[in-house]
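Chemist: Sending over model03.cif (mmCIF, C-alpha atoms and all ligand atoms).
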data_target
loop_
_atom_site.label_atom_id
_atom_site.label_comp_id
_atom_site.auth_asym_id
_atom_site.auth_seq_id
_atom_site.Cartn_x
_atom_site.Cartn_y
_atom_site.Cartn_z
CA MET V 1 -27.92 27.24 11.84
CA SER V 2 -31.72 27.04 12.13
CA ALA V 3 -33.37 24.01 13.75
CA GLU V 4 -34.93 23.21 10.37
CA ALA V 5 -31.56 23.23 8.59
CA GLN V 6 -30.12 21.09 11.38
CA GLN V 7 -32.90 18.50 10.98
CA GLN V 8 -32.36 18.52 7.22
CA GLN V 9 -28.66 17.67 7.76
CA GLN V 10 -29.49 14.79 10.12
CA ARG V 11 -31.93 13.01 7.85
CA SER V 12 -29.98 13.44 4.62
CA GLY V 13 -27.41 10.78 3.78
CA SER V 14 -25.00 10.28 0.95
CA ARG V 15 -22.81 7.23 1.49
CA LEU V 16 -19.04 7.25 1.52
CA VAL V 17 -18.60 3.94 -0.24
CA ALA V 18 -14.84 3.64 -0.76
CA VAL V 19 -11.55 5.46 -0.48
CA GLY V 20 -8.42 5.27 -2.64
CA THR V 21 -5.07 7.03 -2.43
CA ALA V 22 -1.86 7.68 -4.33
CA LEU V 23 1.63 8.64 -3.15
CA PRO V 24 4.72 9.30 -5.27
CA ASP V 25 7.51 6.70 -5.03
CA LYS V 26 10.32 9.09 -4.11
CA VAL V 27 10.96 9.46 -0.36
CA LEU V 28 12.52 12.60 1.14
CA THR V 29 13.76 11.87 4.66
CA ASN V 30 14.81 14.16 7.48
CA ALA V 31 18.36 12.95 6.84
CA ASP V 32 18.04 14.35 3.29
CA PHE V 33 17.09 17.73 4.80
CA GLU V 34 20.16 17.59 7.08
CA VAL V 35 22.24 17.64 3.89
CA MET V 36 20.17 20.37 2.22
CA MET V 37 19.94 22.87 5.09
CA ASP V 38 20.82 23.65 8.71
CA THR V 39 18.35 21.36 10.46
CA SER V 40 18.23 18.00 12.25
CA ASP V 41 16.10 14.90 12.37
CA GLU V 42 15.59 15.57 16.09
CA TRP V 43 14.32 19.15 15.50
CA ILE V 44 11.91 18.09 12.76
CA ARG V 45 10.53 15.05 14.61
CA SER V 46 10.07 16.82 17.92
CA ARG V 47 8.40 19.92 16.37
CA THR V 48 6.26 18.19 13.73
CA GLY V 49 6.22 14.38 14.13
CA ILE V 50 7.45 14.04 10.53
CA ALA V 51 10.19 11.54 9.59
CA GLU V 52 9.75 11.44 5.81
CA ARG V 53 7.48 12.58 3.02
CA ARG V 54 6.79 11.45 -0.56
CA VAL V 55 7.64 13.86 -3.36
CA GLY V 56 7.04 14.04 -7.11
CA GLY V 57 4.51 13.10 -9.75
CA THR V 58 1.97 15.51 -11.15
CA THR V 59 -1.18 16.78 -9.49
CA THR V 60 -3.42 15.33 -12.20
CA GLY V 61 -1.50 12.03 -12.27
CA LEU V 62 -1.85 11.57 -8.49
CA ALA V 63 -5.53 12.59 -8.60
CA VAL V 64 -6.28 10.10 -11.38
CA GLU V 65 -4.52 7.25 -9.55
CA ALA V 66 -6.37 7.89 -6.28
CA ALA V 67 -9.73 8.31 -8.05
CA ARG V 68 -9.23 5.12 -10.06
CA ARG V 69 -8.49 3.12 -6.89
CA ALA V 70 -11.50 4.54 -5.06
CA LEU V 71 -13.78 3.76 -8.01
CA GLU V 72 -12.46 0.19 -8.34
CA ARG V 73 -12.94 -0.47 -4.62
CA SER V 74 -16.44 1.05 -4.61
CA GLY V 75 -17.93 -1.34 -7.15
CA VAL V 76 -19.79 1.67 -8.56
CA ALA V 77 -19.90 1.68 -12.37
CA ALA V 78 -17.97 4.50 -14.05
CA GLU V 79 -21.18 5.35 -15.97
CA SER V 80 -22.89 6.15 -12.66
CA ILE V 81 -20.43 8.89 -11.66
CA GLY V 82 -22.14 12.20 -12.44
CA LEU V 83 -19.73 14.54 -10.68
CA VAL V 84 -16.01 14.96 -9.95
CA VAL V 85 -14.97 17.57 -7.38
CA THR V 86 -11.23 17.95 -6.98
CA ALA V 87 -9.78 20.01 -4.16
CA THR V 88 -6.30 21.38 -4.74
CA GLN V 89 -4.23 24.51 -4.26
CA THR V 90 -1.44 23.19 -6.52
CA PRO V 91 -2.97 22.36 -9.94
CA ASP V 92 -0.56 21.52 -12.78
CA ASP V 93 -2.32 24.17 -14.86
CA LEU V 94 -4.94 26.78 -14.10
CA CYS V 95 -6.96 25.36 -17.00
CA PRO V 96 -8.05 22.67 -17.76
CA SER V 97 -8.90 21.80 -14.18
CA THR V 98 -7.48 18.77 -12.39
CA ALA V 99 -11.05 17.41 -12.20
CA ALA V 100 -11.31 17.60 -15.99
CA GLY V 101 -8.14 15.47 -16.19
CA VAL V 102 -9.75 12.87 -13.87
CA GLN V 103 -12.96 12.88 -15.93
CA ASP V 104 -11.02 12.31 -19.13
CA ALA V 105 -8.58 9.69 -17.80
CA LEU V 106 -11.36 7.59 -16.25
CA GLY V 107 -13.65 7.98 -19.26
CA LEU V 108 -16.45 9.49 -17.16
CA ILE V 109 -19.44 11.35 -18.55
CA CYS V 110 -20.03 13.93 -15.86
CA ALA V 111 -19.64 17.43 -14.47
CA ALA V 112 -16.15 18.14 -13.12
CA PHE V 113 -14.56 21.13 -11.40
CA ASP V 114 -11.82 22.10 -8.95
CA LEU V 115 -12.19 23.99 -5.71
CA ASN V 116 -9.54 25.58 -3.54
CA ALA V 117 -9.96 25.76 0.21
CA ALA V 118 -6.27 24.94 0.84
CA CYS V 119 -5.82 22.17 3.42
CA ALA V 120 -9.58 22.20 4.13
CA GLY V 121 -10.32 21.54 0.44
CA PHE V 122 -11.19 17.85 0.59
CA SER V 123 -13.57 18.43 3.49
CA TYR V 124 -15.20 21.30 1.58
CA GLY V 125 -15.41 19.00 -1.46
CA LEU V 126 -17.33 16.44 0.57
CA VAL V 127 -19.91 19.02 1.61
CA VAL V 128 -20.26 20.37 -1.95
CA ALA V 129 -20.63 16.90 -3.52
CA HIS V 130 -23.04 15.78 -0.79
CA SER V 131 -25.18 18.87 -1.36
CA MET V 132 -25.18 18.34 -5.14
CA LEU V 133 -26.19 14.69 -4.71
CA LEU V 134 -29.05 15.76 -2.47
CA SER V 135 -30.15 18.34 -5.03
CA GLY V 136 -30.45 15.58 -7.63
CA ALA V 137 -27.55 16.87 -9.76
CA ALA V 138 -25.99 13.38 -9.72
CA THR V 139 -26.44 10.00 -8.03
CA ALA V 140 -22.74 9.26 -7.48
CA ALA V 141 -19.66 11.46 -7.18
CA LEU V 142 -15.91 11.30 -6.84
CA VAL V 143 -14.33 13.73 -4.37
CA VAL V 144 -10.57 14.04 -4.70
CA GLY V 145 -8.09 15.87 -2.45
CA VAL V 146 -4.70 16.29 -4.09
CA ASP V 147 -1.68 18.52 -3.62
CA ARG V 148 1.88 18.72 -4.84
CA MET V 149 2.95 21.03 -2.05
CA THR V 150 6.63 20.41 -2.79
CA ALA V 151 6.12 22.25 -6.10
CA ALA V 152 5.02 25.28 -4.06
CA THR V 153 7.64 25.04 -1.29
CA ASN V 154 10.46 27.52 -0.70
CA TYR V 155 13.47 25.32 0.12
CA ASP V 156 15.36 28.41 1.39
CA ASP V 157 12.93 28.61 4.32
CA ARG V 158 13.76 25.79 6.72
CA SER V 159 10.78 26.46 9.00
CA THR V 160 8.26 25.56 6.24
CA ALA V 161 10.29 23.42 3.77
CA ILE V 162 10.46 20.45 6.13
CA LEU V 163 6.68 20.27 6.54
CA PHE V 164 5.31 19.36 3.14
CA GLY V 165 4.84 16.25 1.00
CA ASP V 166 2.81 15.27 -2.08
CA GLY V 167 -0.15 12.91 -2.42
CA ALA V 168 -3.79 12.35 -3.28
CA GLY V 169 -6.87 10.70 -1.83
CA ALA V 170 -10.36 10.17 -3.19
CA VAL V 171 -13.73 8.89 -2.04
CA VAL V 172 -16.79 7.70 -3.92
CA LEU V 173 -20.06 9.14 -2.65
CA THR V 174 -23.45 7.70 -3.61
CA SER V 175 -26.83 9.29 -3.08
CA GLU V 176 -28.80 7.55 -0.33
CA PRO V 177 -31.10 10.07 1.37
CA ASP V 178 -32.93 7.60 3.58
CA GLY V 179 -30.12 5.21 4.51
CA ASP V 180 -28.50 4.96 7.95
CA ARG V 181 -24.99 5.24 6.49
CA GLY V 182 -23.24 8.29 5.09
CA ILE V 183 -22.94 11.97 5.83
CA ARG V 184 -25.09 13.04 8.78
CA ALA V 185 -23.98 16.63 9.39
CA TRP V 186 -21.33 19.18 8.60
CA ASP V 187 -19.93 22.58 9.51
CA THR V 188 -17.97 24.97 7.30
CA GLY V 189 -16.35 28.33 7.92
CA THR V 190 -13.74 30.85 6.84
CA ASP V 191 -11.92 33.75 8.47
CA GLY V 192 -10.18 35.68 5.71
CA SER V 193 -8.55 38.21 8.04
CA HIS V 194 -5.36 36.16 8.62
CA ALA V 195 -3.52 36.31 5.29
CA ASP V 196 -0.57 37.68 7.29
CA ILE V 197 -0.10 34.38 9.18
CA LEU V 198 -0.60 31.82 6.38
CA ALA V 199 -0.33 32.48 2.64
CA SER V 200 1.06 30.97 -0.53
CA PRO V 201 1.45 34.10 -2.66
CA ILE V 202 1.83 34.49 -6.41
CA ARG V 203 4.20 37.38 -7.16
CA ASP V 204 4.81 38.48 -10.77
CA GLY V 205 3.16 35.22 -11.87
CA ARG V 206 5.47 33.08 -9.72
CA ILE V 207 4.52 30.88 -6.75
CA THR V 208 6.98 31.96 -4.06
CA GLY V 209 6.29 29.36 -1.35
CA VAL V 210 4.31 29.13 1.86
CA GLU V 211 4.69 32.09 4.23
CA MET V 212 3.64 31.25 7.75
CA ASN V 213 3.73 32.51 11.32
CA GLY V 214 3.53 29.02 12.77
CA LYS V 215 3.01 29.96 16.41
CA VAL V 216 0.11 32.35 15.79
CA LEU V 217 -1.42 30.00 13.20
CA PHE V 218 -1.30 27.11 15.66
CA LYS V 219 -3.42 29.03 18.18
CA HIS V 220 -6.13 30.18 15.72
CA MET V 221 -6.28 26.92 13.76
CA VAL V 222 -6.77 24.67 16.78
CA ARG V 223 -9.56 26.87 18.09
CA TYR V 224 -11.43 26.99 14.76
CA ALA V 225 -10.96 23.25 14.15
CA VAL V 226 -12.21 22.25 17.58
CA ASP V 227 -15.24 24.57 17.48
CA SER V 228 -16.16 23.27 14.01
CA ALA V 229 -15.78 19.63 15.02
CA ARG V 230 -18.01 20.15 18.06
CA ALA V 231 -20.66 21.90 15.94
CA ALA V 232 -20.78 19.08 13.36
CA VAL V 233 -20.96 16.33 15.99
CA GLU V 234 -23.76 18.15 17.80
CA ARG V 235 -25.71 18.65 14.55
CA ALA V 236 -25.38 14.92 13.85
CA GLY V 237 -27.09 14.26 17.19
CA LEU V 238 -23.99 12.44 18.46
CA GLU V 239 -21.43 12.81 21.25
CA LEU V 240 -17.69 12.89 20.60
CA ASP V 241 -17.49 9.55 22.43
CA ASP V 242 -19.62 8.01 19.63
CA VAL V 243 -17.02 8.90 16.99
CA VAL V 244 -14.61 5.99 16.48
CA ALA V 245 -12.02 8.00 14.54
CA VAL V 246 -11.15 11.63 13.87
CA LEU V 247 -9.65 12.03 10.40
CA ALA V 248 -8.09 15.46 10.82
CA HIS V 249 -5.80 17.45 8.54
CA GLN V 250 -2.24 16.26 9.11
CA ALA V 251 -0.66 19.71 9.58
CA ASN V 252 1.74 18.51 12.24
CA GLN V 253 1.62 16.11 15.18
CA ARG V 254 1.45 18.89 17.75
CA ILE V 255 -1.73 20.27 16.15
CA LEU V 256 -3.25 16.76 16.08
CA ASP V 257 -2.41 16.32 19.77
CA ALA V 258 -3.82 19.73 20.67
CA VAL V 259 -7.05 18.98 18.74
CA ALA V 260 -7.36 15.64 20.56
CA ASP V 261 -6.76 17.25 23.96
CA ARG V 262 -9.23 20.07 23.39
CA LEU V 263 -11.90 17.74 22.03
CA GLY V 264 -11.28 15.44 25.00
CA VAL V 265 -10.72 12.35 22.83
CA ASP V 266 -7.92 9.80 23.22
CA HIS V 267 -4.93 10.49 21.00
CA ASP V 268 -5.24 7.06 19.38
CA ARG V 269 -8.68 7.99 18.01
CA VAL V 270 -7.15 10.96 16.16
CA ILE V 271 -5.57 9.09 13.26
CA SER V 272 -1.99 10.12 12.52
CA ILE V 273 -0.08 9.29 9.34
CA ILE V 274 2.10 12.37 9.32
CA GLU V 275 5.30 10.52 10.25
CA HIS V 276 5.51 9.03 6.76
CA THR V 277 3.64 11.57 4.60
CA GLY V 278 4.35 15.04 6.00
CA ASN V 279 1.69 17.68 5.45
CA THR V 280 -0.02 16.83 2.14
CA SER V 281 -2.61 19.64 2.36
CA ALA V 282 -5.91 18.65 0.66
CA ALA V 283 -4.81 15.01 0.42
CA SER V 284 -4.19 14.46 4.11
CA VAL V 285 -7.74 13.68 5.32
CA PRO V 286 -8.46 10.94 2.73
CA LEU V 287 -4.93 9.55 3.21
CA ALA V 288 -5.66 9.25 6.95
CA LEU V 289 -9.06 7.70 6.20
CA ASP V 290 -7.51 5.13 3.87
CA ALA V 291 -4.95 4.15 6.52
CA ALA V 292 -7.65 3.76 9.19
CA VAL V 293 -9.88 1.67 6.90
CA ALA V 294 -6.93 -0.49 5.84
CA ASP V 295 -5.91 -1.37 9.41
CA GLY V 296 -9.49 -1.84 10.65
CA ARG V 297 -9.72 1.18 12.94
CA VAL V 298 -12.65 2.32 10.78
CA GLY V 299 -15.15 -0.29 9.61
CA PRO V 300 -18.61 -0.35 8.03
CA GLY V 301 -21.21 1.36 10.23
CA ASP V 302 -18.65 3.33 12.27
CA PRO V 303 -19.33 7.04 12.91
CA ILE V 304 -16.31 9.14 11.88
CA LEU V 305 -15.38 12.81 11.91
CA LEU V 306 -13.53 14.26 8.92
CA LEU V 307 -11.92 17.57 9.91
CA GLY V 308 -10.13 19.79 7.41
CA PHE V 309 -8.52 23.14 8.26
CA GLY V 310 -5.90 25.40 6.77
CA GLY V 311 -5.19 28.47 4.66
CA GLY V 312 -7.94 30.99 4.26
CA LEU V 313 -8.19 30.45 7.15
CA SER V 314 -10.81 27.83 6.26
CA TRP V 315 -12.23 24.80 7.97
CA ALA V 316 -14.84 22.11 7.29
CA SER V 317 -16.07 19.22 9.43
CA THR V 318 -18.18 16.31 8.32
CA VAL V 319 -19.72 13.59 10.48
CA ALA V 320 -20.43 10.42 8.55
CA VAL V 321 -21.23 6.77 9.12
CA TRP V 322 -18.61 4.92 7.10
CA GLY V 323 -19.27 2.34 4.40
N1 LIG V 401 15.46 23.17 11.78
C1 LIG V 401 16.09 23.71 12.83
N2 LIG V 401 15.73 24.88 13.37
C2 LIG V 401 14.69 25.52 12.83
C3 LIG V 401 13.96 25.01 11.75
C4 LIG V 401 14.41 23.78 11.21
N3 LIG V 401 13.81 23.19 10.15
N4 LIG V 401 12.99 25.87 11.43
C5 LIG V 401 13.05 26.86 12.29
N5 LIG V 401 14.08 26.67 13.14
C6 LIG V 401 14.54 27.51 14.24
C7 LIG V 401 14.22 28.97 14.00
O1 LIG V 401 15.24 29.58 13.24
C8 LIG V 401 14.16 29.49 15.40
O2 LIG V 401 15.47 29.68 15.89
P1 LIG V 401 15.83 30.91 16.88
O3 LIG V 401 15.02 30.67 18.11
O4 LIG V 401 17.30 30.76 17.07
O5 LIG V 401 15.40 32.13 16.13
C9 LIG V 401 13.54 28.34 16.17
O6 LIG V 401 13.80 27.15 15.40
C10 LIG V 401 12.04 28.49 16.34
O7 LIG V 401 11.48 28.82 15.05
P2 LIG V 401 9.96 28.91 14.82
O8 LIG V 401 9.65 29.19 13.38
O9 LIG V 401 9.40 29.85 15.85
O10 LIG V 401 9.59 27.41 15.07
P3 LIG V 401 8.42 26.84 15.94
O11 LIG V 401 8.93 26.41 17.25
O12 LIG V 401 7.23 27.73 15.91
O13 LIG V 401 8.09 25.55 15.09
C11 LIG V 401 6.41 24.89 13.51
C12 LIG V 401 7.71 25.66 13.72
C13 LIG V 401 6.68 23.42 13.74
C14 LIG V 401 5.92 25.06 12.09
C15 LIG V 401 5.37 25.41 14.53
O14 LIG V 401 5.24 26.81 14.43
C16 LIG V 401 4.03 24.84 14.40
O15 LIG V 401 3.81 23.73 14.83
N6 LIG V 401 3.10 25.63 13.79
C17 LIG V 401 1.75 25.20 13.49
C18 LIG V 401 1.43 25.52 12.08
C19 LIG V 401 1.76 24.42 11.12
O16 LIG V 401 2.27 23.38 11.40
N7 LIG V 401 1.42 24.67 9.90
C20 LIG V 401 1.55 23.68 8.87
C21 LIG V 401 1.23 24.24 7.53
S1 LIG V 401 -0.26 25.13 7.50
C22 LIG V 401 -1.53 24.03 7.61
O17 LIG V 401 -1.40 22.91 7.18
C23 LIG V 401 -2.79 24.46 8.25
#
Let's see the structure in the file written out as structure tokens.

Modeler:
Amino acid sequence: MSAEAQQQQQRSGSRLVAVGTALPDKVLTNADFEVMMDTSDEWIRSRTGIAERRVGGTTTGLAVEAARRALERSGVAAESIGLVVTATQTPDDLCPSTAAGVQDALGLICAAFDLNAACAGFSYGLVVAHSMLLSGAATAALVVGVDRMTAATNYDDRSTAILFGDGAGAVVLTSEPDGDRGIRAWDTGTDGSHADILASPIRDGRITGVEMNGKVLFKHMVRYAVDSARAAVERAGLELDDVVAVLAHQANQRILDAVADRLGVDHDRVISIIEHTGNTSAASVPLALDAAVADGRVGPGDPILLLGFGGGLSWASTVAVWG
């Protein structure tokens, strides 16, 4: 990135005003999996940190619920929202988009579209919405991360079936180029050469489930995530010590721990919600943010790092001052 582009990132802010989330009511525990397949609570917890996940609902229904909560909490008028970006790899339908469903359900008058960057989707959505706000395309935006991964899970494959849950999270972004809050810098990237280690194929029109070489994926993903996080923090003119919370994709606890170790930040600053949600793909970063805001670990004026990574392989990091 050129010095000029780096300066442009640092002085350009769009505020993250509020976050809202939605989880289905139904809980699928590790004990449920012990009945369904040859596995154990001990194996799942020790390998992934997951105890239970929420399952059910529809992608659009979860997206609408999360977006509605974020909008209510933001105090921003629905008429001011000029853009909805929804990140998902599990839409209910290919068309209309999930974002169009959010626009309609909330009665918005705005542009709306979906993007797919798998588990990095919400973080990509933040960068896209931020850039569109800066371009003048809108003055306020909703960015939603939503996935119904359990609709795309192969329950005959015990090594992946136990990982996933469903959920949604959304933030309201407002344009504020000269403020001291909001997005300060970002980093995005993709390495499309690894379809053999993580894919969710469609064969003969059917979604067949996640195919993953977990050990190899672990190695690549941690490296890309850590390099991206460091780049974004540096572009923001900050040190990792300045960041009060890392809201990273909740792939599994071992990845979160490895990211913390390699970034050199305390584990308690890398927010973990995976025990009760499982891996919710594009929803996991805003779900983690909502939890950290709710319990006071992230407050107004706090610098945070939002770090998405996943299939593609794709990754996106955003450094922002919350509130
Ligand atoms: N219960 C019990 N045993 C199991 C299970 C299960 N659910 N799944 C696999 N096993 C067994 C395997 O059969 C194998 O047995 P064997 O040694 O007798 O052949 C053994 O456990 C090891 O299997 P692996 O698939 O090699 O399991 P691994 O130790 O790699 O753990 C895991 C799997 C947790 C997914 C790990 O690879 C990992 O942490 N990978 C990181 C990637 C990741 O988490 N991706 C999430 C989705 S992608 C994303 O969000 C970016």

Chemist: Check the smallest atom-to-atom distance from each of V:Ile202, V:Ala185, V:Val270, V:Ile304 to Val244 of chain V using only C-alpha atoms, then report the winner.

Modeler: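 Of V:Ile202, V:Ala185, V:Val270, V:Ile304, the one nearest Val244 of chain V is V:Ile304, counting only C-alpha atoms.
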
Chemist: Around ligand LIG 401 (chain V), which protein and nucleic acid residues have at least one atom no more than 6 Å from it, if we count all atoms listed in the file? List them as JSON, numbers by chain.

Modeler: {"V": [39, 40, 43, 47, 48, 119, 158, 159, 162, 214, 215, 217, 218, 251, 252, 281, 309, 310, 311]}

Chemist: Now that the selection is made, can you save its residues with C-alpha atoms as an mmCIF file, in the frame of the given file?

Modeler:
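The result, stored in out-v6.cif:
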data_model
loop_
_atom_site.group_PDB
_atom_site.id
_atom_site.type_symbol
_atom_site.label_atom_id
_atom_site.label_comp_id
_atom_site.auth_asym_id
_atom_site.auth_seq_id
_atom_site.Cartn_x
_atom_site.Cartn_y
_atom_site.Cartn_z
ATOM 1 C CA THR V 39 18.350 21.360 10.460
ATOM 2 C CA SER V 40 18.230 18.000 12.250
ATOM 3 C CA TRP V 43 14.320 19.150 15.500
ATOM 4 C CA ARG V 47 8.400 19.920 16.370
ATOM 5 C CA THR V 48 6.260 18.190 13.730
ATOM 6 C CA CYS V 119 -5.820 22.170 3.420
ATOM 7 C CA ARG V 158 13.760 25.790 6.720
ATOM 8 C CA SER V 159 10.780 26.460 9.000
ATOM 9 C CA ILE V 162 10.460 20.450 6.130
ATOM 10 C CA GLY V 214 3.530 29.020 12.770
ATOM 11 C CA LYS V 215 3.010 29.960 16.410
ATOM 12 C CA LEU V 217 -1.420 30.000 13.200
ATOM 13 C CA PHE V 218 -1.300 27.110 15.660
ATOM 14 C CA ALA V 251 -0.660 19.710 9.580
ATOM 15 C CA ASN V 252 1.740 18.510 12.240
ATOM 16 C CA SER V 281 -2.610 19.640 2.360
ATOM 17 C CA PHE V 309 -8.520 23.140 8.260
ATOM 18 C CA GLY V 310 -5.900 25.400 6.770
ATOM 19 C CA GLY V 311 -5.190 28.470 4.660
#

Chemist: Between V:Met37, V:Val64, V:Val243, V:Ala248, which is the closest to Thr98 of chain V once you count only C-alpha atoms?

Modeler: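 Smallest distance to Thr98 of chain V is found for V:Val64.
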
Chemist: Taking into account all atoms listed in the file, which residue in the set V:Val285, V:Ala100, V:Val321, V:Val146 is nearest to Ala112 of chain V?

Modeler: V:Ala100

Chemist: Could you list, as a list in words, every residue within 7 Å of Thr208 of chain V, counting only C-alpha atoms and ignoring same-chain residues fewer than 5 positions away?

Modeler: Ala152, Asn154, Ser200, Pro201, Ile202 and Arg203 of chain V

Chemist: Rounded to one decimal in Å, what is the spacing between atom CA of Leu240 of chain V and atom CA of Gly13 of chain V?

Modeler: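 Computed distance, atom CA of Leu240 of chain V to atom CA of Gly13 of chain V, equals 19.5 Å.
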
Chemist: I want to know what sits within 12 Å of Asp290 of chain V, based on all atoms listed in the file, with residues of the same chain fewer than 2 positions away left out; could you give that as a ChimeraX atom specification?

Modeler: /V:16-22,66,69-70,73,168-171,245,247,271-273,283-288,292-299,322

Chemist: Place a sphere of radius 8 Å on (-15.4, 26.3, 8.1) in the file coordinates and name every protein, DNA or RNA residue with an atom inside or on its surface, counting all atoms listed in the file; give the answer as a compact mmCIF listing (two decimals) with C-alpha atoms, in the frame of the given file.

Modeler:
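Written file, result-v4.txt:
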# COMPACT_ATOMS: atom_id res chain seq x y z
CA ASP V 187 -19.93 22.58 9.51
CA THR V 188 -17.97 24.97 7.30
CA GLY V 189 -16.35 28.33 7.92
CA THR V 190 -13.74 30.85 6.84
CA TYR V 224 -11.43 26.99 14.76
CA SER V 228 -16.16 23.27 14.01
CA PHE V 309 -8.52 23.14 8.26
CA SER V 314 -10.81 27.83 6.26
CA TRP V 315 -12.23 24.80 7.97
CA ALA V 316 -14.84 22.11 7.29
CA SER V 317 -16.07 19.22 9.43

Chemist: Go through V:Thr150, V:Gln253, V:Thr60, V:Ser14 and flag the residue nearest Leu28 of chain V, using all atoms listed in the file for the distances.

Modeler: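 Closest candidate: V:Thr150.
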
Chemist: Tell me, in Å to one decimal, how far atom CA of Leu307 of chain V is from atom CA of Thr139 of chain V.

Modeler: 24.3 Å

Chemist: Fewer than 2 positions away in the same chain doesn't count, so skip those; otherwise give me all residues within 6 Å of Ser123 of chain V, counting only C-alpha atoms, as a short mmCIF file (atom, residue, chain, number, x, y, z; two decimals) with C-alpha atoms, in the frame of the given file.

Modeler:
data_model
loop_
_atom_site.label_atom_id
_atom_site.label_comp_id
_atom_site.auth_asym_id
_atom_site.auth_seq_id
_atom_site.Cartn_x
_atom_site.Cartn_y
_atom_site.Cartn_z
CA ALA V 120 -9.58 22.20 4.13
CA GLY V 121 -10.32 21.54 0.44
CA GLY V 125 -15.41 19.00 -1.46
CA LEU V 126 -17.33 16.44 0.57
CA GLY V 308 -10.13 19.79 7.41
CA ALA V 316 -14.84 22.11 7.29
#

Chemist: For the atom pair atom CA of Lys26 of chain V and atom CA of Gly57 of chain V, what is the interatomic distance in Å to one decimal place?

Modeler: 9.0 Å

Chemist: As lines of an AutoDock Vina configuration file, please report the centre and edge lengths, rounded to one decimal in Å, of the axis-aligned box that holds all listed atoms of segment 194-197 of chain V with 6 Å of padding on each of the six sides.

Modeler:
center_x = -2.7
center_y = 36.0
center_z = 7.2
size_x = 17.3
size_y = 15.3
size_z = 15.9

Chemist: Closest to Asp227 of chain V among V:Pro177, V:His249, V:Leu263, V:Leu198, using all atoms listed in the file?

Modeler: V:Leu263

Chemist: Hey, which of V:Asn30, V:Ser97, V:Ser74, V:Ser131 ends up closest to Val172 of chain V? Count all atoms listed in the file.

Modeler: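 Comparing V:Asn30, V:Ser97, V:Ser74, V:Ser131 against Val172 of chain V, the winner is V:Ser74.
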